[in-house]
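K.L.:
Enclosed is the structure file input_8.cif (mmCIF, N, CA and C atoms).
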data_entry
loop_
_atom_site.label_atom_id
_atom_site.label_comp_id
_atom_site.auth_asym_id
_atom_site.auth_seq_id
_atom_site.Cartn_x
_atom_site.Cartn_y
_atom_site.Cartn_z
N ILE A 1433 4.03 -14.33 -14.71
CA ILE A 1433 4.12 -15.46 -15.64
C ILE A 1433 4.44 -14.94 -17.04
N MET A 1434 3.76 -13.87 -17.44
CA MET A 1434 4.00 -13.33 -18.78
C MET A 1434 5.42 -12.78 -18.91
N ALA A 1435 5.89 -12.08 -17.89
CA ALA A 1435 7.25 -11.53 -17.93
C ALA A 1435 8.28 -12.66 -17.99
N ALA A 1436 7.99 -13.76 -17.32
CA ALA A 1436 8.91 -14.89 -17.31
C ALA A 1436 9.06 -15.52 -18.70
N HIS A 1437 8.10 -15.27 -19.58
CA HIS A 1437 8.16 -15.80 -20.95
C HIS A 1437 8.85 -14.84 -21.91
N ASN A 1438 9.41 -13.77 -21.35
CA ASN A 1438 10.22 -12.82 -22.11
C ASN A 1438 9.51 -12.21 -23.32
N ILE A 1439 8.23 -11.93 -23.18
CA ILE A 1439 7.56 -11.22 -24.27
C ILE A 1439 7.99 -9.75 -24.18
N PRO A 1440 7.92 -9.02 -25.29
CA PRO A 1440 8.47 -7.66 -25.31
C PRO A 1440 7.86 -6.68 -24.33
N TYR A 1441 6.57 -6.81 -24.05
CA TYR A 1441 5.96 -5.82 -23.16
C TYR A 1441 4.92 -6.47 -22.26
N VAL A 1442 5.07 -6.22 -20.96
CA VAL A 1442 4.15 -6.69 -19.93
C VAL A 1442 3.91 -5.52 -18.98
N ALA A 1443 2.67 -5.32 -18.59
CA ALA A 1443 2.39 -4.23 -17.66
C ALA A 1443 1.21 -4.57 -16.78
N GLN A 1444 1.13 -3.86 -15.67
CA GLN A 1444 -0.03 -3.95 -14.79
C GLN A 1444 -0.54 -2.52 -14.62
N ALA A 1445 -1.86 -2.33 -14.75
CA ALA A 1445 -2.44 -1.00 -14.74
C ALA A 1445 -3.77 -0.99 -13.98
N SER A 1446 -4.28 0.23 -13.78
CA SER A 1446 -5.56 0.41 -13.10
C SER A 1446 -6.28 1.60 -13.73
N PRO A 1447 -7.60 1.51 -13.85
CA PRO A 1447 -8.35 2.65 -14.38
C PRO A 1447 -8.27 3.88 -13.48
N SER A 1448 -7.90 3.70 -12.23
CA SER A 1448 -7.76 4.85 -11.33
C SER A 1448 -6.59 5.74 -11.72
N HIS A 1449 -5.67 5.21 -12.47
CA HIS A 1449 -4.50 5.94 -12.95
C HIS A 1449 -4.54 5.90 -14.48
N TRP A 1450 -5.52 6.61 -15.03
CA TRP A 1450 -5.85 6.48 -16.44
C TRP A 1450 -4.73 6.92 -17.38
N ARG A 1451 -3.95 7.92 -17.01
CA ARG A 1451 -2.83 8.32 -17.89
C ARG A 1451 -1.82 7.19 -18.02
N ASP A 1452 -1.49 6.59 -16.90
CA ASP A 1452 -0.59 5.45 -16.88
C ASP A 1452 -1.15 4.32 -17.75
N LEU A 1453 -2.44 4.05 -17.62
CA LEU A 1453 -3.09 3.01 -18.42
C LEU A 1453 -2.99 3.32 -19.91
N MET A 1454 -3.26 4.55 -20.31
CA MET A 1454 -3.21 4.92 -21.73
C MET A 1454 -1.79 4.80 -22.30
N ILE A 1455 -0.81 5.22 -21.52
CA ILE A 1455 0.59 5.09 -21.95
C ILE A 1455 0.93 3.62 -22.18
N LYS A 1456 0.50 2.78 -21.26
CA LYS A 1456 0.79 1.35 -21.36
C LYS A 1456 0.09 0.70 -22.55
N VAL A 1457 -1.12 1.12 -22.82
CA VAL A 1457 -1.83 0.59 -23.99
C VAL A 1457 -1.08 0.96 -25.26
N ARG A 1458 -0.63 2.20 -25.36
CA ARG A 1458 0.13 2.63 -26.55
C ARG A 1458 1.42 1.82 -26.70
N LYS A 1459 2.11 1.60 -25.59
CA LYS A 1459 3.34 0.81 -25.64
C LYS A 1459 3.05 -0.62 -26.07
N ALA A 1460 1.97 -1.18 -25.57
CA ALA A 1460 1.61 -2.57 -25.91
C ALA A 1460 1.30 -2.69 -27.40
N VAL A 1461 0.56 -1.73 -27.93
CA VAL A 1461 0.21 -1.75 -29.35
C VAL A 1461 1.46 -1.62 -30.21
N ALA A 1462 2.41 -0.82 -29.76
CA ALA A 1462 3.63 -0.57 -30.52
C ALA A 1462 4.72 -1.63 -30.32
N ALA A 1463 4.51 -2.54 -29.40
CA ALA A 1463 5.53 -3.55 -29.09
C ALA A 1463 5.84 -4.40 -30.32
N ASP A 1464 7.10 -4.77 -30.42
CA ASP A 1464 7.53 -5.63 -31.52
C ASP A 1464 7.35 -7.09 -31.08
N GLY A 1465 6.11 -7.54 -31.13
CA GLY A 1465 5.79 -8.90 -30.71
C GLY A 1465 4.65 -8.88 -29.71
N PRO A 1466 4.47 -9.97 -28.99
CA PRO A 1466 3.35 -10.07 -28.05
C PRO A 1466 3.47 -9.05 -26.91
N ALA A 1467 2.31 -8.67 -26.41
CA ALA A 1467 2.24 -7.76 -25.27
C ALA A 1467 1.09 -8.21 -24.38
N PHE A 1468 1.20 -7.89 -23.09
CA PHE A 1468 0.17 -8.26 -22.13
C PHE A 1468 0.02 -7.15 -21.11
N ILE A 1469 -1.22 -6.72 -20.89
CA ILE A 1469 -1.50 -5.75 -19.83
C ILE A 1469 -2.53 -6.35 -18.89
N ASN A 1470 -2.20 -6.41 -17.64
CA ASN A 1470 -3.09 -6.91 -16.59
C ASN A 1470 -3.75 -5.69 -15.96
N VAL A 1471 -5.04 -5.48 -16.24
CA VAL A 1471 -5.74 -4.28 -15.78
C VAL A 1471 -6.70 -4.64 -14.65
N PHE A 1472 -6.63 -3.86 -13.58
CA PHE A 1472 -7.52 -4.04 -12.44
C PHE A 1472 -8.95 -3.80 -12.87
N SER A 1473 -9.82 -4.71 -12.53
CA SER A 1473 -11.22 -4.58 -12.88
C SER A 1473 -12.05 -5.13 -11.73
N ASP A 1474 -12.79 -4.23 -11.09
CA ASP A 1474 -13.58 -4.72 -9.96
C ASP A 1474 -15.00 -5.06 -10.40
N CYS A 1475 -15.73 -5.65 -9.47
CA CYS A 1475 -17.12 -6.03 -9.71
C CYS A 1475 -17.94 -5.49 -8.55
N ASN A 1476 -18.51 -4.31 -8.75
CA ASN A 1476 -19.18 -3.67 -7.62
C ASN A 1476 -20.29 -4.53 -7.03
N ARG A 1477 -20.97 -5.28 -7.84
CA ARG A 1477 -22.05 -6.13 -7.32
C ARG A 1477 -21.49 -7.28 -6.47
N GLY A 1478 -20.52 -7.97 -7.00
CA GLY A 1478 -19.93 -9.09 -6.26
C GLY A 1478 -19.06 -8.64 -5.10
N TRP A 1479 -18.42 -7.49 -5.25
CA TRP A 1479 -17.54 -6.99 -4.19
C TRP A 1479 -18.32 -6.19 -3.15
N ARG A 1480 -19.58 -5.93 -3.47
CA ARG A 1480 -20.50 -5.25 -2.56
C ARG A 1480 -20.01 -3.84 -2.18
N HIS A 1481 -19.91 -3.00 -3.21
CA HIS A 1481 -19.66 -1.59 -2.97
C HIS A 1481 -20.46 -0.79 -3.99
N ASP A 1482 -20.72 0.45 -3.67
CA ASP A 1482 -21.50 1.32 -4.53
C ASP A 1482 -20.75 1.57 -5.84
N THR A 1483 -21.47 1.63 -6.94
CA THR A 1483 -20.82 1.88 -8.24
C THR A 1483 -20.09 3.22 -8.26
N ALA A 1484 -20.56 4.17 -7.49
CA ALA A 1484 -19.93 5.49 -7.44
C ALA A 1484 -18.53 5.44 -6.84
N THR A 1485 -18.18 4.35 -6.17
CA THR A 1485 -16.86 4.26 -5.53
C THR A 1485 -15.88 3.38 -6.32
N THR A 1486 -16.24 3.01 -7.54
CA THR A 1486 -15.40 2.11 -8.33
C THR A 1486 -13.97 2.62 -8.48
N ILE A 1487 -13.80 3.87 -8.87
CA ILE A 1487 -12.45 4.42 -9.05
C ILE A 1487 -11.73 4.53 -7.72
N GLU A 1488 -12.45 4.90 -6.68
CA GLU A 1488 -11.85 4.98 -5.34
C GLU A 1488 -11.36 3.60 -4.87
N VAL A 1489 -12.15 2.57 -5.11
CA VAL A 1489 -11.75 1.21 -4.76
C VAL A 1489 -10.51 0.81 -5.56
N SER A 1490 -10.49 1.15 -6.84
CA SER A 1490 -9.33 0.85 -7.69
C SER A 1490 -8.09 1.59 -7.20
N ARG A 1491 -8.26 2.86 -6.86
CA ARG A 1491 -7.13 3.66 -6.37
C ARG A 1491 -6.58 3.10 -5.07
N MET A 1492 -7.48 2.67 -4.18
CA MET A 1492 -7.03 2.12 -2.90
C MET A 1492 -6.26 0.81 -3.11
N ALA A 1493 -6.66 0.02 -4.11
CA ALA A 1493 -5.92 -1.21 -4.41
C ALA A 1493 -4.48 -0.88 -4.78
N VAL A 1494 -4.29 0.22 -5.49
CA VAL A 1494 -2.94 0.65 -5.88
C VAL A 1494 -2.20 1.23 -4.67
N ASP A 1495 -2.87 2.06 -3.89
CA ASP A 1495 -2.21 2.72 -2.75
C ASP A 1495 -1.87 1.77 -1.61
N THR A 1496 -2.51 0.61 -1.55
CA THR A 1496 -2.16 -0.39 -0.55
C THR A 1496 -1.09 -1.36 -1.07
N CYS A 1497 -0.75 -1.21 -2.34
CA CYS A 1497 0.22 -2.08 -3.03
C CYS A 1497 -0.33 -3.48 -3.27
N TYR A 1498 -1.63 -3.64 -3.11
CA TYR A 1498 -2.27 -4.88 -3.51
C TYR A 1498 -2.17 -5.02 -5.04
N TRP A 1499 -2.28 -3.88 -5.73
CA TRP A 1499 -2.24 -3.87 -7.20
C TRP A 1499 -1.20 -2.84 -7.64
N PRO A 1500 0.08 -3.19 -7.58
CA PRO A 1500 1.11 -2.22 -7.95
C PRO A 1500 1.13 -1.97 -9.46
N LEU A 1501 1.53 -0.76 -9.82
CA LEU A 1501 1.61 -0.38 -11.23
C LEU A 1501 3.06 -0.50 -11.68
N PHE A 1502 3.30 -1.39 -12.62
CA PHE A 1502 4.65 -1.62 -13.11
C PHE A 1502 4.58 -2.05 -14.56
N GLU A 1503 5.76 -2.10 -15.19
CA GLU A 1503 5.86 -2.61 -16.55
C GLU A 1503 7.21 -3.30 -16.72
N VAL A 1504 7.24 -4.19 -17.70
CA VAL A 1504 8.48 -4.89 -18.05
C VAL A 1504 8.64 -4.73 -19.56
N GLU A 1505 9.63 -3.92 -19.93
CA GLU A 1505 9.90 -3.68 -21.35
C GLU A 1505 11.19 -4.38 -21.73
N ASN A 1506 11.08 -5.36 -22.61
CA ASN A 1506 12.24 -6.12 -23.06
C ASN A 1506 13.09 -6.59 -21.89
N GLY A 1507 12.43 -7.12 -20.87
CA GLY A 1507 13.11 -7.69 -19.72
C GLY A 1507 13.49 -6.71 -18.61
N VAL A 1508 13.28 -5.42 -18.84
CA VAL A 1508 13.64 -4.41 -17.84
C VAL A 1508 12.39 -4.02 -17.03
N TRP A 1509 12.46 -4.26 -15.72
CA TRP A 1509 11.34 -3.98 -14.83
C TRP A 1509 11.37 -2.52 -14.42
N LYS A 1510 10.19 -1.89 -14.40
CA LYS A 1510 10.07 -0.49 -14.00
C LYS A 1510 8.81 -0.31 -13.16
N LEU A 1511 8.98 0.30 -12.00
CA LEU A 1511 7.86 0.65 -11.14
C LEU A 1511 7.30 1.98 -11.64
N ASN A 1512 6.01 2.02 -11.94
CA ASN A 1512 5.41 3.24 -12.48
C ASN A 1512 4.77 4.13 -11.43
N TYR A 1513 4.51 3.58 -10.26
CA TYR A 1513 3.88 4.37 -9.20
C TYR A 1513 4.28 3.80 -7.85
N LYS A 1514 4.76 4.69 -7.00
CA LYS A 1514 5.11 4.31 -5.63
C LYS A 1514 4.34 5.25 -4.70
N PRO A 1515 3.40 4.71 -3.94
CA PRO A 1515 2.61 5.58 -3.06
C PRO A 1515 3.50 6.36 -2.08
N ARG A 1516 3.18 7.63 -1.89
CA ARG A 1516 3.92 8.43 -0.89
C ARG A 1516 3.78 7.80 0.48
N GLU A 1517 2.56 7.36 0.74
CA GLU A 1517 2.27 6.68 2.01
C GLU A 1517 1.53 5.39 1.66
N LYS A 1518 2.21 4.27 1.83
CA LYS A 1518 1.59 2.97 1.56
C LYS A 1518 0.51 2.73 2.60
N LYS A 1519 -0.71 2.60 2.13
CA LYS A 1519 -1.83 2.42 3.04
C LYS A 1519 -1.99 0.95 3.43
N PRO A 1520 -2.51 0.70 4.62
CA PRO A 1520 -2.72 -0.69 5.05
C PRO A 1520 -3.85 -1.34 4.25
N ILE A 1521 -3.69 -2.61 3.96
CA ILE A 1521 -4.68 -3.36 3.17
C ILE A 1521 -6.06 -3.30 3.81
N GLU A 1522 -6.09 -3.14 5.10
CA GLU A 1522 -7.36 -3.07 5.83
C GLU A 1522 -8.27 -1.97 5.26
N GLU A 1523 -7.68 -0.86 4.81
CA GLU A 1523 -8.48 0.23 4.25
C GLU A 1523 -9.19 -0.20 2.97
N TRP A 1524 -8.52 -0.99 2.15
CA TRP A 1524 -9.14 -1.48 0.91
C TRP A 1524 -10.20 -2.54 1.22
N LEU A 1525 -9.90 -3.42 2.15
CA LEU A 1525 -10.84 -4.48 2.51
C LEU A 1525 -12.14 -3.89 3.08
N LYS A 1526 -12.02 -2.83 3.88
CA LYS A 1526 -13.20 -2.21 4.50
C LYS A 1526 -14.16 -1.61 3.47
N MET A 1527 -13.66 -1.28 2.31
CA MET A 1527 -14.48 -0.65 1.27
C MET A 1527 -15.45 -1.63 0.62
N GLN A 1528 -15.26 -2.92 0.88
CA GLN A 1528 -16.01 -3.96 0.19
C GLN A 1528 -16.75 -4.86 1.16
N GLY A 1529 -18.04 -5.01 0.92
CA GLY A 1529 -18.86 -5.85 1.77
C GLY A 1529 -18.44 -7.31 1.76
N ARG A 1530 -17.79 -7.75 0.70
CA ARG A 1530 -17.41 -9.16 0.62
C ARG A 1530 -16.39 -9.56 1.68
N PHE A 1531 -15.73 -8.58 2.29
CA PHE A 1531 -14.73 -8.87 3.31
C PHE A 1531 -15.21 -8.52 4.72
N ARG A 1532 -16.47 -8.21 4.85
CA ARG A 1532 -17.03 -7.80 6.14
C ARG A 1532 -16.70 -8.80 7.25
N HIS A 1533 -16.76 -10.08 6.93
CA HIS A 1533 -16.52 -11.12 7.94
C HIS A 1533 -15.10 -11.07 8.52
N LEU A 1534 -14.14 -10.53 7.76
CA LEU A 1534 -12.76 -10.48 8.24
C LEU A 1534 -12.58 -9.54 9.43
N PHE A 1535 -13.53 -8.65 9.65
CA PHE A 1535 -13.40 -7.68 10.71
C PHE A 1535 -13.97 -8.13 12.05
N GLN A 1536 -14.33 -9.41 12.11
CA GLN A 1536 -14.67 -10.02 13.39
C GLN A 1536 -13.36 -10.34 14.10
N PRO A 1537 -13.30 -10.16 15.40
CA PRO A 1537 -12.04 -10.40 16.13
C PRO A 1537 -11.39 -11.76 15.83
N LYS A 1538 -12.21 -12.79 15.66
CA LYS A 1538 -11.64 -14.13 15.44
C LYS A 1538 -10.91 -14.27 14.10
N PHE A 1539 -11.14 -13.33 13.18
CA PHE A 1539 -10.49 -13.41 11.86
C PHE A 1539 -9.40 -12.35 11.66
N ARG A 1540 -9.09 -11.57 12.69
CA ARG A 1540 -8.08 -10.51 12.58
C ARG A 1540 -6.76 -11.05 12.04
N HIS A 1541 -6.41 -12.26 12.42
CA HIS A 1541 -5.14 -12.83 11.97
C HIS A 1541 -5.09 -12.96 10.45
N LEU A 1542 -6.24 -13.10 9.80
CA LEU A 1542 -6.26 -13.21 8.33
C LEU A 1542 -5.89 -11.89 7.68
N ILE A 1543 -6.36 -10.79 8.23
CA ILE A 1543 -5.97 -9.48 7.70
C ILE A 1543 -4.47 -9.28 7.85
N ASP A 1544 -3.94 -9.69 9.00
CA ASP A 1544 -2.50 -9.58 9.23
C ASP A 1544 -1.71 -10.44 8.24
N GLU A 1545 -2.22 -11.63 7.93
CA GLU A 1545 -1.55 -12.51 6.96
C GLU A 1545 -1.60 -11.91 5.55
N ILE A 1546 -2.74 -11.34 5.20
CA ILE A 1546 -2.86 -10.70 3.88
C ILE A 1546 -1.87 -9.54 3.78
N GLN A 1547 -1.80 -8.72 4.83
CA GLN A 1547 -0.87 -7.59 4.84
C GLN A 1547 0.58 -8.07 4.72
N ALA A 1548 0.93 -9.11 5.44
CA ALA A 1548 2.29 -9.64 5.38
C ALA A 1548 2.64 -10.11 3.97
N ARG A 1549 1.71 -10.77 3.31
CA ARG A 1549 1.95 -11.25 1.94
C ARG A 1549 2.12 -10.08 0.97
N ILE A 1550 1.28 -9.07 1.10
CA ILE A 1550 1.39 -7.89 0.24
C ILE A 1550 2.73 -7.19 0.47
N ASP A 1551 3.12 -7.05 1.72
CA ASP A 1551 4.41 -6.42 2.04
C ASP A 1551 5.57 -7.20 1.43
N GLN A 1552 5.49 -8.51 1.52
CA GLN A 1552 6.55 -9.38 0.96
C GLN A 1552 6.63 -9.22 -0.56
N GLU A 1553 5.49 -9.28 -1.23
CA GLU A 1553 5.46 -9.14 -2.69
C GLU A 1553 5.91 -7.74 -3.13
N TRP A 1554 5.54 -6.71 -2.38
CA TRP A 1554 5.95 -5.35 -2.68
C TRP A 1554 7.47 -5.22 -2.60
N GLU A 1555 8.06 -5.79 -1.57
CA GLU A 1555 9.51 -5.74 -1.43
C GLU A 1555 10.21 -6.44 -2.60
N LYS A 1556 9.68 -7.57 -3.03
CA LYS A 1556 10.25 -8.27 -4.20
C LYS A 1556 10.16 -7.41 -5.45
N LEU A 1557 9.01 -6.75 -5.63
CA LEU A 1557 8.83 -5.90 -6.81
C LEU A 1557 9.80 -4.72 -6.76
N LEU A 1558 9.97 -4.11 -5.60
CA LEU A 1558 10.92 -3.01 -5.48
C LEU A 1558 12.33 -3.45 -5.87
N GLU A 1559 12.70 -4.64 -5.46
CA GLU A 1559 14.03 -5.17 -5.82
C GLU A 1559 14.14 -5.39 -7.32
N ARG A 1560 13.14 -6.03 -7.93
CA ARG A 1560 13.15 -6.26 -9.37
C ARG A 1560 13.28 -4.97 -10.17
N CYS A 1561 12.66 -3.92 -9.65
CA CYS A 1561 12.64 -2.64 -10.36
C CYS A 1561 13.83 -1.74 -9.99
N GLY A 1562 14.74 -2.25 -9.16
CA GLY A 1562 15.91 -1.47 -8.77
C GLY A 1562 15.59 -0.31 -7.86
N GLU A 1563 14.52 -0.44 -7.10
CA GLU A 1563 14.06 0.64 -6.20
C GLU A 1563 14.61 0.47 -4.79
N LYS A 1564 15.40 -0.57 -4.55
CA LYS A 1564 15.95 -0.80 -3.21
C LYS A 1564 17.44 -0.73 -3.25
#
Any chance you could give the structure as structure tokens?

P.N.:
Amino acid sequence: IMAAHNIPYVAQASPSHWRDLMIKVRKAVAADGPAFINVFSDCNRGWRHDTATTIEVSRMAVDTCYWPLFEVENGVWKLNYKPREKKPIEEWLKMQGRFRHLFQPKFRHLIDEIQARIDQEWEKLLERCGEK
């Protein structure tokens, strides 16, 4: 939505990739006009995972492409991180107690639907960034 409004700088980041996050913050501050950074922020209590795994949960969100790292500078889309091996969303979901119910056989189709949506959005992002 922010990129569609043609503001000078838009980015998506994660604390698991702190160098990338710091670079994006500097770019946002230096932008000639409005800037927006969408930063991944989990809630260990609500998501039901140990606080010690916060960065691991954040990293898995990126490696499953649920939370891709990209930026849009003056209308130009750039992918900042492409996992060597895109992990299945199931690995990220398993890390969180809030999704425990999805691993019952009767709900398996929901995991498949989530994966299909992530794959579809990832392909669109790759195209926007000229990666295809």

K.L.:
Determine the residue set returned by the PyMOL selection byres (((chain A and resi 1479 and name CA) around 12) and name CA) for the present structure, and present it as a compact mmCIF listing (two decimals) with N, CA and C atoms, in the coordinates of the input.

P.N.:
# COMPACT_ATOMS: atom_id res chain seq x y z
N SER A 1473 -9.82 -4.71 -12.53
CA SER A 1473 -11.22 -4.58 -12.88
C SER A 1473 -12.05 -5.13 -11.73
N ASP A 1474 -12.79 -4.23 -11.09
CA ASP A 1474 -13.58 -4.72 -9.96
C ASP A 1474 -15.00 -5.06 -10.40
N CYS A 1475 -15.73 -5.65 -9.47
CA CYS A 1475 -17.12 -6.03 -9.71
C CYS A 1475 -17.94 -5.49 -8.55
N ASN A 1476 -18.51 -4.31 -8.75
CA ASN A 1476 -19.18 -3.67 -7.62
C ASN A 1476 -20.29 -4.53 -7.03
N ARG A 1477 -20.97 -5.28 -7.84
CA ARG A 1477 -22.05 -6.13 -7.32
C ARG A 1477 -21.49 -7.28 -6.47
N GLY A 1478 -20.52 -7.97 -7.00
CA GLY A 1478 -19.93 -9.09 -6.26
C GLY A 1478 -19.06 -8.64 -5.10
N ARG A 1480 -19.58 -5.93 -3.47
CA ARG A 1480 -20.50 -5.25 -2.56
C ARG A 1480 -20.01 -3.84 -2.18
N HIS A 1481 -19.91 -3.00 -3.21
CA HIS A 1481 -19.66 -1.59 -2.97
C HIS A 1481 -20.46 -0.79 -3.99
N ASP A 1482 -20.72 0.45 -3.67
CA ASP A 1482 -21.50 1.32 -4.53
C ASP A 1482 -20.75 1.57 -5.84
N THR A 1483 -21.47 1.63 -6.94
CA THR A 1483 -20.82 1.88 -8.24
C THR A 1483 -20.09 3.22 -8.26
N THR A 1485 -18.18 4.35 -6.17
CA THR A 1485 -16.86 4.26 -5.53
C THR A 1485 -15.88 3.38 -6.32
N THR A 1486 -16.24 3.01 -7.54
CA THR A 1486 -15.40 2.11 -8.33
C THR A 1486 -13.97 2.62 -8.48
N VAL A 1489 -12.15 2.57 -5.11
CA VAL A 1489 -11.75 1.21 -4.76
C VAL A 1489 -10.51 0.81 -5.56
N SER A 1490 -10.49 1.15 -6.84
CA SER A 1490 -9.33 0.85 -7.69
C SER A 1490 -8.09 1.59 -7.20
N TRP A 1524 -8.52 -0.99 2.15
CA TRP A 1524 -9.14 -1.48 0.91
C TRP A 1524 -10.20 -2.54 1.22
N LEU A 1525 -9.90 -3.42 2.15
CA LEU A 1525 -10.84 -4.48 2.51
C LEU A 1525 -12.14 -3.89 3.08
N LYS A 1526 -12.02 -2.83 3.88
CA LYS A 1526 -13.20 -2.21 4.50
C LYS A 1526 -14.16 -1.61 3.47
N MET A 1527 -13.66 -1.28 2.31
CA MET A 1527 -14.48 -0.65 1.27
C MET A 1527 -15.45 -1.63 0.62
N GLN A 1528 -15.26 -2.92 0.88
CA GLN A 1528 -16.01 -3.96 0.19
C GLN A 1528 -16.75 -4.86 1.16
N GLY A 1529 -18.04 -5.01 0.92
CA GLY A 1529 -18.86 -5.85 1.77
C GLY A 1529 -18.44 -7.31 1.76
N ARG A 1530 -17.79 -7.75 0.70
CA ARG A 1530 -17.41 -9.16 0.62
C ARG A 1530 -16.39 -9.56 1.68
N PHE A 1531 -15.73 -8.58 2.29
CA PHE A 1531 -14.73 -8.87 3.31
C PHE A 1531 -15.21 -8.52 4.72
N ARG A 1532 -16.47 -8.21 4.85
CA ARG A 1532 -17.03 -7.80 6.14
C ARG A 1532 -16.70 -8.80 7.25

K.L.:
For the point (-4.3, 0.8, -5.3) in file coordinates, what residues are within 10 Å, counting only C-alpha atoms? Give the answer as JSON, numbers by chain?

P.N.:
{"A": [1445, 1446, 1448, 1449, 1472, 1487, 1488, 1489, 1490, 1491, 1492, 1493, 1494, 1495, 1496, 1497, 1498, 1499, 1500, 1501, 1513, 1515, 1518, 1519, 1521, 1524]}

K.L.:
Go ahead and save the picked residues with N, CA and C atoms, as an mmCIF file, in the coordinates of the input.

P.N.:
data_model
loop_
_atom_site.group_PDB
_atom_site.id
_atom_site.type_symbol
_atom_site.label_atom_id
_atom_site.label_comp_id
_atom_site.auth_asym_id
_atom_site.auth_seq_id
_atom_site.Cartn_x
_atom_site.Cartn_y
_atom_site.Cartn_z
ATOM 1 N N ALA A 1445 -1.860 -2.330 -14.750
ATOM 2 C CA ALA A 1445 -2.440 -1.000 -14.740
ATOM 3 C C ALA A 1445 -3.770 -0.990 -13.980
ATOM 4 N N SER A 1446 -4.280 0.230 -13.780
ATOM 5 C CA SER A 1446 -5.560 0.410 -13.100
ATOM 6 C C SER A 1446 -6.280 1.600 -13.730
ATOM 7 N N SER A 1448 -7.900 3.700 -12.230
ATOM 8 C CA SER A 1448 -7.760 4.850 -11.330
ATOM 9 C C SER A 1448 -6.590 5.740 -11.720
ATOM 10 N N HIS A 1449 -5.670 5.210 -12.470
ATOM 11 C CA HIS A 1449 -4.500 5.940 -12.950
ATOM 12 C C HIS A 1449 -4.540 5.900 -14.480
ATOM 13 N N PHE A 1472 -6.630 -3.860 -13.580
ATOM 14 C CA PHE A 1472 -7.520 -4.040 -12.440
ATOM 15 C C PHE A 1472 -8.950 -3.800 -12.870
ATOM 16 N N ILE A 1487 -13.800 3.870 -8.870
ATOM 17 C CA ILE A 1487 -12.450 4.420 -9.050
ATOM 18 C C ILE A 1487 -11.730 4.530 -7.720
ATOM 19 N N GLU A 1488 -12.450 4.900 -6.680
ATOM 20 C CA GLU A 1488 -11.850 4.980 -5.340
ATOM 21 C C GLU A 1488 -11.360 3.600 -4.870
ATOM 22 N N VAL A 1489 -12.150 2.570 -5.110
ATOM 23 C CA VAL A 1489 -11.750 1.210 -4.760
ATOM 24 C C VAL A 1489 -10.510 0.810 -5.560
ATOM 25 N N SER A 1490 -10.490 1.150 -6.840
ATOM 26 C CA SER A 1490 -9.330 0.850 -7.690
ATOM 27 C C SER A 1490 -8.090 1.590 -7.200
ATOM 28 N N ARG A 1491 -8.260 2.860 -6.860
ATOM 29 C CA ARG A 1491 -7.130 3.660 -6.370
ATOM 30 C C ARG A 1491 -6.580 3.100 -5.070
ATOM 31 N N MET A 1492 -7.480 2.670 -4.180
ATOM 32 C CA MET A 1492 -7.030 2.120 -2.900
ATOM 33 C C MET A 1492 -6.260 0.810 -3.110
ATOM 34 N N ALA A 1493 -6.660 0.020 -4.110
ATOM 35 C CA ALA A 1493 -5.920 -1.210 -4.410
ATOM 36 C C ALA A 1493 -4.480 -0.880 -4.780
ATOM 37 N N VAL A 1494 -4.290 0.220 -5.490
ATOM 38 C CA VAL A 1494 -2.940 0.650 -5.880
ATOM 39 C C VAL A 1494 -2.200 1.230 -4.670
ATOM 40 N N ASP A 1495 -2.870 2.060 -3.890
ATOM 41 C CA ASP A 1495 -2.210 2.720 -2.750
ATOM 42 C C ASP A 1495 -1.870 1.770 -1.610
ATOM 43 N N THR A 1496 -2.510 0.610 -1.550
ATOM 44 C CA THR A 1496 -2.160 -0.390 -0.550
ATOM 45 C C THR A 1496 -1.090 -1.360 -1.070
ATOM 46 N N CYS A 1497 -0.750 -1.210 -2.340
ATOM 47 C CA CYS A 1497 0.220 -2.080 -3.030
ATOM 48 C C CYS A 1497 -0.330 -3.480 -3.270
ATOM 49 N N TYR A 1498 -1.630 -3.640 -3.110
ATOM 50 C CA TYR A 1498 -2.270 -4.880 -3.510
ATOM 51 C C TYR A 1498 -2.170 -5.020 -5.040
ATOM 52 N N TRP A 1499 -2.280 -3.880 -5.730
ATOM 53 C CA TRP A 1499 -2.240 -3.870 -7.200
ATOM 54 C C TRP A 1499 -1.200 -2.840 -7.640
ATOM 55 N N PRO A 1500 0.080 -3.190 -7.580
ATOM 56 C CA PRO A 1500 1.110 -2.220 -7.950
ATOM 57 C C PRO A 1500 1.130 -1.970 -9.460
ATOM 58 N N LEU A 1501 1.530 -0.760 -9.820
ATOM 59 C CA LEU A 1501 1.610 -0.380 -11.230
ATOM 60 C C LEU A 1501 3.060 -0.500 -11.680
ATOM 61 N N TYR A 1513 4.510 3.580 -10.260
ATOM 62 C CA TYR A 1513 3.880 4.370 -9.200
ATOM 63 C C TYR A 1513 4.280 3.800 -7.850
ATOM 64 N N PRO A 1515 3.400 4.710 -3.940
ATOM 65 C CA PRO A 1515 2.610 5.580 -3.060
ATOM 66 C C PRO A 1515 3.500 6.360 -2.080
ATOM 67 N N LYS A 1518 2.210 4.270 1.830
ATOM 68 C CA LYS A 1518 1.590 2.970 1.560
ATOM 69 C C LYS A 1518 0.510 2.730 2.600
ATOM 70 N N LYS A 1519 -0.710 2.600 2.130
ATOM 71 C CA LYS A 1519 -1.830 2.420 3.040
ATOM 72 C C LYS A 1519 -1.990 0.950 3.430
ATOM 73 N N ILE A 1521 -3.690 -2.610 3.960
ATOM 74 C CA ILE A 1521 -4.680 -3.360 3.170
ATOM 75 C C ILE A 1521 -6.060 -3.300 3.810
ATOM 76 N N TRP A 1524 -8.520 -0.990 2.150
ATOM 77 C CA TRP A 1524 -9.140 -1.480 0.910
ATOM 78 C C TRP A 1524 -10.200 -2.540 1.220
#

K.L.:
Evaluated on this file, the PyMOL selection byres ((chain A and resi 1511) around 8) picks out some residues - which ones are they, written as number ranges by chain?

P.N.:
A: 1500-1504, 1508-1510, 1512-1514, 1557-1558, 1560-1563

K.L.:
To one decimal place in Å, what is the distance between atom CA of Asp1551 of chain A and atom CA of Ala1443 of chain A?

P.N.:
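That distance, rounded to one decimal, is 19.9 Å.
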